file upload37.txt (compact mmCIF, C-alpha atoms)
# COMPACT_ATOMS: atom_id res chain seq x y z
CA MET A 1 -26.34 18.23 12.48
CA SER A 2 -29.72 19.43 13.73
CA ASP A 3 -30.56 15.90 14.81
CA SER A 4 -27.94 13.31 15.69
CA LEU A 5 -27.77 10.05 13.81
CA SER A 6 -28.96 8.32 16.97
CA GLN A 7 -32.05 10.52 17.00
CA ILE A 8 -32.70 10.01 13.28
CA TYR A 9 -32.35 6.23 13.70
CA ALA A 10 -34.65 6.22 16.75
CA ALA A 11 -37.28 8.19 14.82
CA LYS A 12 -37.20 5.65 11.98
CA VAL A 13 -37.66 2.84 14.49
CA ALA A 14 -40.49 4.68 16.23
CA ASP A 15 -42.49 5.22 13.07
CA GLY A 16 -41.96 1.65 11.87
CA ARG A 17 -39.75 2.38 8.85
CA ILE A 18 -37.01 0.11 10.23
CA ALA A 19 -36.64 -2.43 13.02
CA ALA A 20 -34.16 -1.72 15.78
CA ASP A 21 -30.98 -3.73 15.33
CA PRO A 22 -28.16 -3.84 17.94
CA ALA A 23 -25.42 -4.18 15.31
CA GLN A 24 -26.65 -1.12 13.43
CA GLN A 25 -26.97 0.83 16.67
CA ALA A 26 -23.38 -0.08 17.56
CA ALA A 27 -22.15 1.42 14.28
CA ILE A 28 -23.97 4.74 14.69
CA PRO A 29 -21.50 6.29 17.22
CA LEU A 30 -18.66 5.62 14.76
CA LEU A 31 -20.52 7.46 12.00
CA GLU A 32 -21.43 10.26 14.40
CA ALA A 33 -17.75 10.67 15.33
CA VAL A 34 -16.89 11.19 11.65
CA ALA A 35 -19.76 13.64 11.18
CA THR A 36 -18.76 15.62 14.26
CA GLY A 37 -15.13 15.75 13.17
CA LEU A 38 -16.10 17.10 9.76
CA THR A 39 -18.01 20.02 11.29
CA GLU A 40 -15.78 20.97 14.25
CA VAL A 41 -12.62 23.04 13.91
CA PRO A 42 -9.84 21.20 15.78
CA LYS A 43 -7.78 23.03 18.42
CA LYS A 44 -4.29 23.99 17.30
CA LYS A 45 -1.51 22.18 19.09
CA GLY A 46 2.26 22.56 19.19
CA LEU A 47 4.67 25.30 18.21
CA LEU A 48 4.01 24.90 14.49
CA ALA A 49 0.24 24.93 14.74
CA GLY A 50 0.01 28.58 13.76
CA LEU A 51 1.72 27.97 10.42
CA ARG A 52 -1.39 26.36 8.99
CA ALA A 53 -4.99 27.37 9.53
CA SER A 54 -7.04 24.54 10.94
CA GLN A 55 -10.18 23.67 9.03
CA PRO A 56 -13.19 21.56 9.95
CA GLY A 57 -12.40 17.99 9.01
CA ASP A 58 -8.61 18.23 9.29
CA GLY A 59 -7.33 14.78 10.26
CA VAL A 60 -10.75 13.14 10.51
CA ARG A 61 -10.27 9.40 10.33
CA GLY A 62 -12.47 7.53 7.88
CA LEU A 63 -14.63 4.46 8.43
CA TYR A 64 -14.66 1.08 6.66
CA LEU A 65 -18.01 -0.55 7.44
CA TRP A 66 -18.26 -4.14 6.30
CA GLY A 67 -20.68 -7.03 6.66
CA GLY A 68 -22.88 -9.45 4.75
CA VAL A 69 -25.36 -8.43 2.07
CA GLY A 70 -28.54 -6.81 3.36
CA ARG A 71 -27.34 -5.96 6.86
CA GLY A 72 -28.24 -2.28 6.61
CA LYS A 73 -24.90 -0.77 5.56
CA SER A 74 -26.34 1.32 2.74
CA MET A 75 -29.22 2.47 4.91
CA LEU A 76 -26.78 3.72 7.55
CA MET A 77 -24.68 5.36 4.84
CA ASP A 78 -27.81 7.15 3.57
CA MET A 79 -28.54 8.51 7.04
CA PHE A 80 -24.94 9.58 7.58
CA PHE A 81 -24.43 11.23 4.20
CA ASN A 82 -27.70 13.18 4.36
CA ALA A 83 -27.03 14.31 7.92
CA VAL A 84 -23.48 15.68 7.47
CA PRO A 85 -24.02 19.44 6.98
CA ILE A 86 -21.24 20.17 4.50
CA GLU A 87 -21.53 20.81 0.79
CA ALA A 88 -18.18 19.37 -0.31
CA LYS A 89 -19.26 15.75 -0.13
CA HIS A 90 -19.73 13.07 -2.73
CA ARG A 91 -21.36 9.65 -2.62
CA VAL A 92 -20.86 7.14 -5.41
CA HIS A 93 -20.84 3.40 -6.05
CA PHE A 94 -17.23 2.27 -5.81
CA HIS A 95 -17.28 0.61 -9.22
CA ALA A 96 -18.47 3.81 -10.90
CA PHE A 97 -15.89 5.85 -8.99
CA MET A 98 -13.02 3.69 -10.20
CA GLN A 99 -14.22 4.03 -13.77
CA GLU A 100 -14.14 7.82 -13.39
CA VAL A 101 -10.63 7.53 -11.99
CA GLN A 102 -9.49 5.30 -14.84
CA ALA A 103 -10.81 7.84 -17.35
CA GLY A 104 -9.02 10.68 -15.55
CA ILE A 105 -5.75 8.77 -15.54
CA ALA A 106 -6.07 8.02 -19.24
CA THR A 107 -6.50 11.75 -19.93
CA ALA A 108 -3.48 12.64 -17.78
CA ARG A 109 -1.34 10.12 -19.63
CA LYS A 110 -2.37 11.60 -22.97
CA ASP A 111 -1.14 14.93 -21.65
CA GLY A 112 2.25 13.35 -21.02
CA LEU A 113 2.23 13.54 -17.22
CA ASP A 114 4.63 11.18 -15.47
CA ASP A 115 2.40 10.76 -12.42
CA ALA A 116 -1.09 10.37 -13.85
CA ILE A 117 -2.69 9.64 -10.47
CA ALA A 118 -1.63 12.92 -8.84
CA PRO A 119 -3.88 15.27 -10.88
CA VAL A 120 -6.82 12.91 -10.51
CA ALA A 121 -6.42 12.81 -6.72
CA LYS A 122 -6.03 16.61 -6.60
CA GLY A 123 -9.19 17.11 -8.63
CA ILE A 124 -11.14 14.89 -6.26
CA ALA A 125 -9.67 16.52 -3.14
CA ASP A 126 -10.43 20.00 -4.47
CA SER A 127 -14.11 19.19 -4.79
CA ALA A 128 -14.83 16.87 -1.84
CA ARG A 129 -13.81 16.73 1.81
CA LEU A 130 -15.98 13.65 2.33
CA LEU A 131 -16.12 10.68 -0.04
CA CYS A 132 -18.70 7.97 0.59
CA PHE A 133 -18.43 4.71 -1.35
CA ASP A 134 -21.02 1.99 -1.60
CA GLU A 135 -19.82 -1.61 -1.86
CA MET A 136 -16.07 -1.39 -2.17
CA GLN A 137 -14.76 -4.43 -3.99
CA ILE A 138 -11.65 -4.98 -6.05
CA THR A 139 -11.94 -7.54 -8.84
CA ASP A 140 -9.89 -5.88 -11.57
CA ILE A 141 -6.07 -5.87 -11.72
CA ALA A 142 -6.07 -2.30 -13.08
CA ASP A 143 -8.09 -1.04 -10.10
CA ALA A 144 -5.87 -2.99 -7.71
CA MET A 145 -2.75 -1.30 -9.03
CA ILE A 146 -4.24 2.20 -8.77
CA VAL A 147 -6.34 2.29 -5.62
CA GLY A 148 -3.50 2.22 -3.06
CA ARG A 149 -1.69 5.32 -4.30
CA LEU A 150 -4.96 7.08 -4.97
CA PHE A 151 -6.29 6.58 -1.43
CA GLU A 152 -2.95 7.54 0.08
CA LYS A 153 -2.97 10.85 -1.80
CA LEU A 154 -6.61 11.53 -0.94
CA ILE A 155 -6.06 10.90 2.77
CA GLU A 156 -2.89 13.03 2.76
CA ALA A 157 -4.95 15.82 1.15
CA GLY A 158 -7.40 15.70 4.05
CA VAL A 159 -10.23 13.82 2.35
CA THR A 160 -12.25 11.68 4.74
CA ILE A 161 -13.38 8.37 3.28
CA VAL A 162 -16.35 6.33 4.48
CA THR A 163 -17.04 3.10 2.65
CA THR A 164 -19.16 -0.01 2.88
CA SER A 165 -18.09 -3.44 1.72
CA ASN A 166 -19.20 -7.05 1.89
CA ARG A 167 -15.63 -8.05 2.81
CA PRO A 168 -13.12 -7.00 5.47
CA PRO A 169 -10.01 -5.25 4.14
CA ASP A 170 -8.01 -8.49 4.30
CA GLY A 171 -10.58 -10.12 2.02
CA LEU A 172 -10.32 -7.58 -0.80
CA TYR A 173 -8.89 -8.81 -4.11
CA LYS A 174 -8.56 -12.26 -2.56
CA ASP A 175 -6.64 -14.67 -4.85
CA GLY A 176 -6.19 -11.82 -7.36
CA LEU A 177 -3.33 -11.63 -9.82
CA ASN A 178 -0.15 -10.21 -8.22
CA ARG A 179 -2.04 -9.73 -4.95
CA GLN A 180 1.22 -9.13 -3.07
CA LEU A 181 1.39 -5.74 -4.79
CA PHE A 182 -2.04 -4.95 -3.34
CA LEU A 183 -1.17 -5.75 0.29
CA PRO A 184 0.15 -2.24 1.12
CA PHE A 185 -3.32 -0.88 0.34
CA ILE A 186 -4.86 -3.29 2.84
CA ASP A 187 -2.32 -2.09 5.41
CA LEU A 188 -3.31 1.51 4.60
CA LEU A 189 -7.00 0.79 5.18
CA ASN A 190 -6.32 -0.92 8.50
CA ALA A 191 -3.98 1.87 9.66
CA ARG A 192 -5.79 4.99 8.45
CA MET A 193 -9.46 4.02 8.79
CA VAL A 194 -11.63 2.64 11.55
CA VAL A 195 -12.60 -0.87 10.40
CA HIS A 196 -15.90 -2.09 11.83
CA GLU A 197 -17.96 -5.19 11.12
CA LEU A 198 -21.71 -4.74 10.95
CA ALA A 199 -22.46 -8.17 12.33
CA ALA A 200 -26.25 -8.05 12.08
CA ASP A 201 -27.99 -11.43 12.14
CA ALA A 202 -30.70 -10.49 9.67
CA ASP A 203 -30.40 -9.91 5.95
CA TYR A 204 -32.88 -7.06 5.64
CA ARG A 205 -32.88 -7.09 1.87
CA GLN A 206 -33.88 -10.74 1.98
CA GLY A 207 -36.24 -9.98 4.82
CA ARG A 208 -38.17 -7.52 2.69
CA LEU A 209 -38.51 -10.18 0.01
CA ALA A 210 -39.06 -13.19 2.28
CA GLY A 211 -42.28 -14.86 1.29
CA GLU A 212 -42.88 -12.26 -1.40
CA ARG A 213 -43.65 -13.07 -4.99
CA VAL A 214 -40.71 -11.97 -7.17
CA TYR A 215 -41.60 -13.39 -10.60
CA PHE A 216 -44.64 -11.77 -12.21
CA THR A 217 -46.54 -12.93 -15.27
CA PRO A 218 -48.05 -11.76 -17.53
CA VAL A 219 -46.44 -8.37 -18.13
CA ASP A 220 -49.31 -6.02 -17.32
CA ALA A 221 -50.25 -3.11 -15.13
CA ALA A 222 -50.60 -5.34 -12.07
CA ALA A 223 -47.08 -6.71 -12.55
CA ARG A 224 -45.70 -3.20 -12.97
CA ALA A 225 -47.46 -1.98 -9.83
CA ALA A 226 -46.17 -4.91 -7.78
CA ILE A 227 -42.61 -4.32 -8.94
CA ASP A 228 -42.94 -0.59 -8.27
CA THR A 229 -43.90 -1.44 -4.69
CA ILE A 230 -40.91 -3.75 -4.20
CA TRP A 231 -38.60 -1.19 -5.81
CA GLY A 232 -39.83 1.49 -3.45
CA GLU A 233 -39.28 -0.72 -0.42
CA LEU A 234 -35.74 -1.63 -1.47
CA THR A 235 -34.56 1.79 -2.60
CA GLY A 236 -36.90 4.39 -1.16
CA GLY A 237 -37.83 5.21 -4.73
CA LYS A 238 -34.54 7.04 -5.28
CA ALA A 239 -32.15 5.97 -8.02
CA ASP A 240 -29.42 7.13 -10.36
CA PRO A 241 -28.03 5.53 -13.52
CA LEU A 242 -25.01 3.27 -13.06
CA GLU A 243 -22.55 3.21 -15.95
CA LEU A 244 -20.15 0.27 -16.21
CA ILE A 245 -17.20 0.47 -18.59
CA VAL A 246 -16.33 -3.00 -19.89
CA ASN A 247 -13.52 -3.38 -22.40
CA GLY A 248 -14.05 0.20 -23.49
CA ARG A 249 -17.83 -0.17 -23.86
CA SER A 250 -20.44 1.57 -21.78
CA VAL A 251 -23.08 -0.67 -20.18
CA GLU A 252 -25.77 1.22 -18.29
CA ILE A 253 -28.21 0.20 -15.59
CA PRO A 254 -30.78 3.02 -15.92
CA ALA A 255 -31.81 2.93 -12.25
CA PHE A 256 -29.53 1.88 -9.38
CA ARG A 257 -29.58 2.37 -5.62
CA ASN A 258 -28.15 0.52 -2.62
CA GLY A 259 -26.96 -2.40 -4.72
CA VAL A 260 -30.35 -2.75 -6.43
CA GLY A 261 -30.58 -2.24 -10.20
CA ARG A 262 -33.64 -1.91 -12.45
CA VAL A 263 -33.60 -2.48 -16.20
CA THR A 264 -35.74 -3.95 -18.98
CA PHE A 265 -35.02 -7.10 -20.95
CA TRP A 266 -34.58 -5.06 -24.12
CA GLU A 267 -32.10 -2.67 -22.53
CA LEU A 268 -29.84 -5.59 -21.66
CA CYS A 269 -30.53 -8.22 -24.30
CA SER A 270 -31.21 -6.35 -27.53
CA LYS A 271 -27.77 -4.76 -27.49
CA PRO A 272 -24.57 -6.56 -28.61
CA LEU A 273 -23.44 -7.41 -25.10
CA GLY A 274 -21.46 -10.48 -24.13
CA PRO A 275 -20.33 -12.51 -21.10
CA ALA A 276 -17.91 -9.84 -19.83
CA ASP A 277 -20.69 -7.26 -19.79
CA TYR A 278 -23.10 -9.50 -17.91
CA LEU A 279 -20.41 -10.55 -15.44
CA ALA A 280 -19.74 -6.88 -14.71
CA ILE A 281 -23.45 -6.35 -14.04
CA ALA A 282 -23.57 -9.39 -11.76
CA ARG A 283 -20.62 -8.02 -9.78
CA ALA A 284 -22.15 -4.56 -9.47
CA VAL A 285 -25.65 -5.48 -8.23
CA ARG A 286 -26.98 -7.64 -5.44
CA VAL A 287 -30.61 -7.44 -6.58
CA LEU A 288 -31.67 -7.01 -10.22
CA VAL A 289 -35.19 -5.99 -11.26
CA LEU A 290 -35.53 -7.25 -14.84
CA GLU A 291 -38.76 -6.26 -16.57
CA ASP A 292 -40.63 -7.13 -19.75
CA ILE A 293 -39.11 -10.52 -20.60
CA PRO A 294 -40.94 -11.57 -23.80
CA LEU A 295 -41.74 -14.97 -25.26
CA LEU A 296 -38.57 -16.30 -26.88
CA SER A 297 -38.17 -18.20 -30.14
CA ARG A 298 -36.19 -18.31 -33.39
CA GLU A 299 -37.62 -14.87 -34.12
CA ASN A 300 -35.55 -13.30 -31.35
CA TYR A 301 -32.86 -15.93 -31.03
CA ASN A 302 -29.98 -13.48 -30.50
CA GLU A 303 -31.83 -11.77 -27.66
CA ALA A 304 -32.68 -15.16 -26.16
CA ARG A 305 -29.04 -16.26 -26.31
CA ARG A 306 -27.93 -13.11 -24.49
CA PHE A 307 -30.66 -13.67 -21.91
CA VAL A 308 -29.30 -17.15 -21.20
CA ILE A 309 -25.81 -15.72 -20.67
CA LEU A 310 -27.21 -12.99 -18.40
CA ILE A 311 -29.11 -15.44 -16.22
CA ASP A 312 -26.02 -17.68 -15.95
CA ALA A 313 -23.96 -14.70 -14.73
CA LEU A 314 -26.61 -13.65 -12.21
CA TYR A 315 -27.05 -17.21 -11.00
CA GLU A 316 -23.34 -17.82 -10.42
CA ALA A 317 -23.04 -14.52 -8.54
CA ARG A 318 -26.10 -15.37 -6.39
CA VAL A 319 -27.87 -12.17 -7.42
CA ARG A 320 -31.48 -11.86 -6.27
CA LEU A 321 -33.77 -11.57 -9.29
CA ILE A 322 -37.14 -9.81 -9.48
CA ALA A 323 -38.72 -10.19 -12.90
CA SER A 324 -41.80 -9.64 -15.03
CA ALA A 325 -42.25 -11.96 -18.00
CA ALA A 326 -44.71 -12.99 -20.67
CA ALA A 327 -44.93 -16.53 -19.27
CA VAL A 328 -43.72 -18.78 -16.48
CA PRO A 329 -40.09 -19.90 -16.94
CA ASP A 330 -40.72 -23.25 -18.62
CA ARG A 331 -43.12 -21.65 -21.12
CA LEU A 332 -40.89 -18.73 -22.14
CA TYR A 333 -39.06 -20.65 -24.88
CA VAL A 334 -41.09 -23.49 -26.34
CA GLU A 335 -40.16 -23.58 -30.02
CA GLY A 336 -37.20 -23.10 -32.31
CA GLU A 337 -33.46 -23.56 -32.02
CA GLY A 338 -32.24 -23.29 -28.45
CA THR A 339 -35.21 -24.79 -26.63
CA PHE A 340 -33.12 -27.63 -25.19
CA GLU A 341 -30.40 -25.28 -23.94
CA PHE A 342 -33.05 -23.04 -22.39
CA GLU A 343 -34.24 -25.82 -20.07
CA ARG A 344 -31.34 -25.05 -17.70
CA THR A 345 -32.18 -21.33 -17.81
CA ALA A 346 -35.82 -22.06 -16.99
CA SER A 347 -34.74 -24.22 -14.07
CA ARG A 348 -32.47 -21.46 -12.80
CA LEU A 349 -35.23 -18.89 -13.09
CA VAL A 350 -37.48 -21.08 -10.94
CA GLU A 351 -34.73 -21.49 -8.35
CA MET A 352 -33.90 -17.78 -8.36
CA SER A 353 -37.58 -16.99 -7.77
CA SER A 354 -37.76 -19.21 -4.70
CA ASP A 355 -37.81 -17.90 -1.15
CA GLY A 356 -34.35 -17.66 0.37
CA TRP A 357 -32.42 -17.40 -2.88
CA GLY A 358 -29.48 -14.99 -2.97

call {"tool": "encode", "arguments": {"input": "upload37.txt", "output": "structure tokens"}}
result
Amino acid sequence: MSDSLSQIYAAKVADGRIAADPAQQAAIPLLEAVATGLTEVPKKKGLLAGLRASQPGDGVRGLYLWGGVGRGKSMLMDMFFNAVPIEAKHRVHFHAFMQEVQAGIATARKDGLDDAIAPVAKGIADSARLLCFDEMQITDIADAMIVGRLFEKLIEAGVTIVTTSNRPPDGLYKDGLNRQLFLPFIDLLNARMVVHELAADADYRQGRLAGERVYFTPVDAAARAAIDTIWGELTGGKADPLELIVNGRSVEIPAFRNGVGRVTFWELCSKPLGPADYLAIARAVRVLVLEDIPLLSRENYNEARRFVILIDALYEARVRLIASAAAVPDRLYVEGEGTFEFERTASRLVEMSSDGWG
């Protein structure tokens, strides 16, 4: 690294891009240790050392960085990933990664392989010495049954894993079906990775939004500009699509970064999506920018019904909502079938637009 992570962090503080935070500063040496290990060739030890050529990154222990939403985990991951001067690295949202893995396993099974995880792990290890995951969480029984063996094979192959999560390892898949079968994976994380809590007092994602207007009406150029500003502050203006596979269907958030998704009403509510799809979205994002909500009535009843289900899912998951709409919440749906049921949605929209929500 030309500049150390400590130097990069200090420069960001000096120019006002971030505020110095002791908890974040305490995590930086751990990330620097991983970065250094990935670029230094270890010294050979023991009589058998000459039988295998040492490579940079051999035996580098990974890092599991956990803490509450908005504490700066993704920001630190950004700094770390960009600073590690190796090409064989990959950063991906954990949910999207597991969907790729599930697809690879399905292909291996079609080919008749007895161990479908082995070729998937080998393919990953052949292309990446460093894997960085955003927001590790296990909510699906299929993922729970796969992830232990997968991580074990990746670590044995010399892949270094750095991940962020809102939960400590012991809190993953809590109360999940057959959780006892998942416990060896928790033991693996605790044994093979450095586990560190980012115990920052401030929720910086909330801090950026504290006191800010987050519900914009009408939908016009001013609303778009205001949302563009918020989006830039939350994501740095960088984003990639996030594809979620739900019951064999593809549900896409066109723009996603650091737990923040951006999508239009029509992209989510004009398609034949249902509760499972919206629950998956609510699990994948911590902030959702939802644009171009129209006036609702009997003319677009199906879209309105899906919108109600979406807002319920976001509300229950405590997702922060930033929205542009044709009217204030209690004037969005004023005529036609469904107006009574929409009263709860309007109330939730008001609450979700209030300072401190999320």

call {"tool": "residues_around", "arguments": {"input": "upload37.txt", "residues": "Gln99 in chain A", "least_positions_apart": "5", "cutoff": "9 Å", "atoms": "all atoms listed in the file", "output": "list in words"}}
result
Phe94, Gly104, Asp143, Glu243, Leu244 and Ile245 of chain A

call {"tool": "atom_distance", "arguments": {"input": "upload37.txt", "atom1": "CA of Met145 in chain A", "atom2": "CA of Ile105 in chain A"}}
result
12.4 Å

call {"tool": "residues_around", "arguments": {"input": "upload37.txt", "residues": "range 270-273 of chain A", "least_positions_apart": "4", "cutoff": "7 Å", "atoms": "all atoms listed in the file", "output": "list in words"}}
result
Trp266, Asp277 and Glu303 of chain A

call {"tool": "residues_near_point", "arguments": {"input": "upload37.txt", "point": "(-36.0, -15.2, -10.0)", "cutoff": "10 Å", "atoms": "only C-alpha atoms", "output": "list in words"}}
result
Arg213, Val214, Tyr215, Phe216, Leu288, Val289, Leu290, Ile311, Leu314, Tyr315, Val319, Arg320, Leu321, Ile322, Ala323, Ser324, Pro329, Ala346, Ser347, Arg348, Leu349, Val350, Glu351, Met352, Ser353, Ser354, Asp355, Trp357 and Gly358 of chain A

call {"tool": "closest_residue", "arguments": {"input": "upload37.txt", "among": "A:Leu188, A:Cys132, A:Ala199, A:Leu332", "to": "Pro218 in chain A", "atoms": "all atoms listed in the file"}}
result
A:Leu332

call {"tool": "closest_residue", "arguments": {"input": "upload37.txt", "among": "A:Ala142, A:Ala118, A:Pro168, A:Arg331", "to": "Gln102 in chain A", "atoms": "only C-alpha atoms"}}
result
A:Ala142
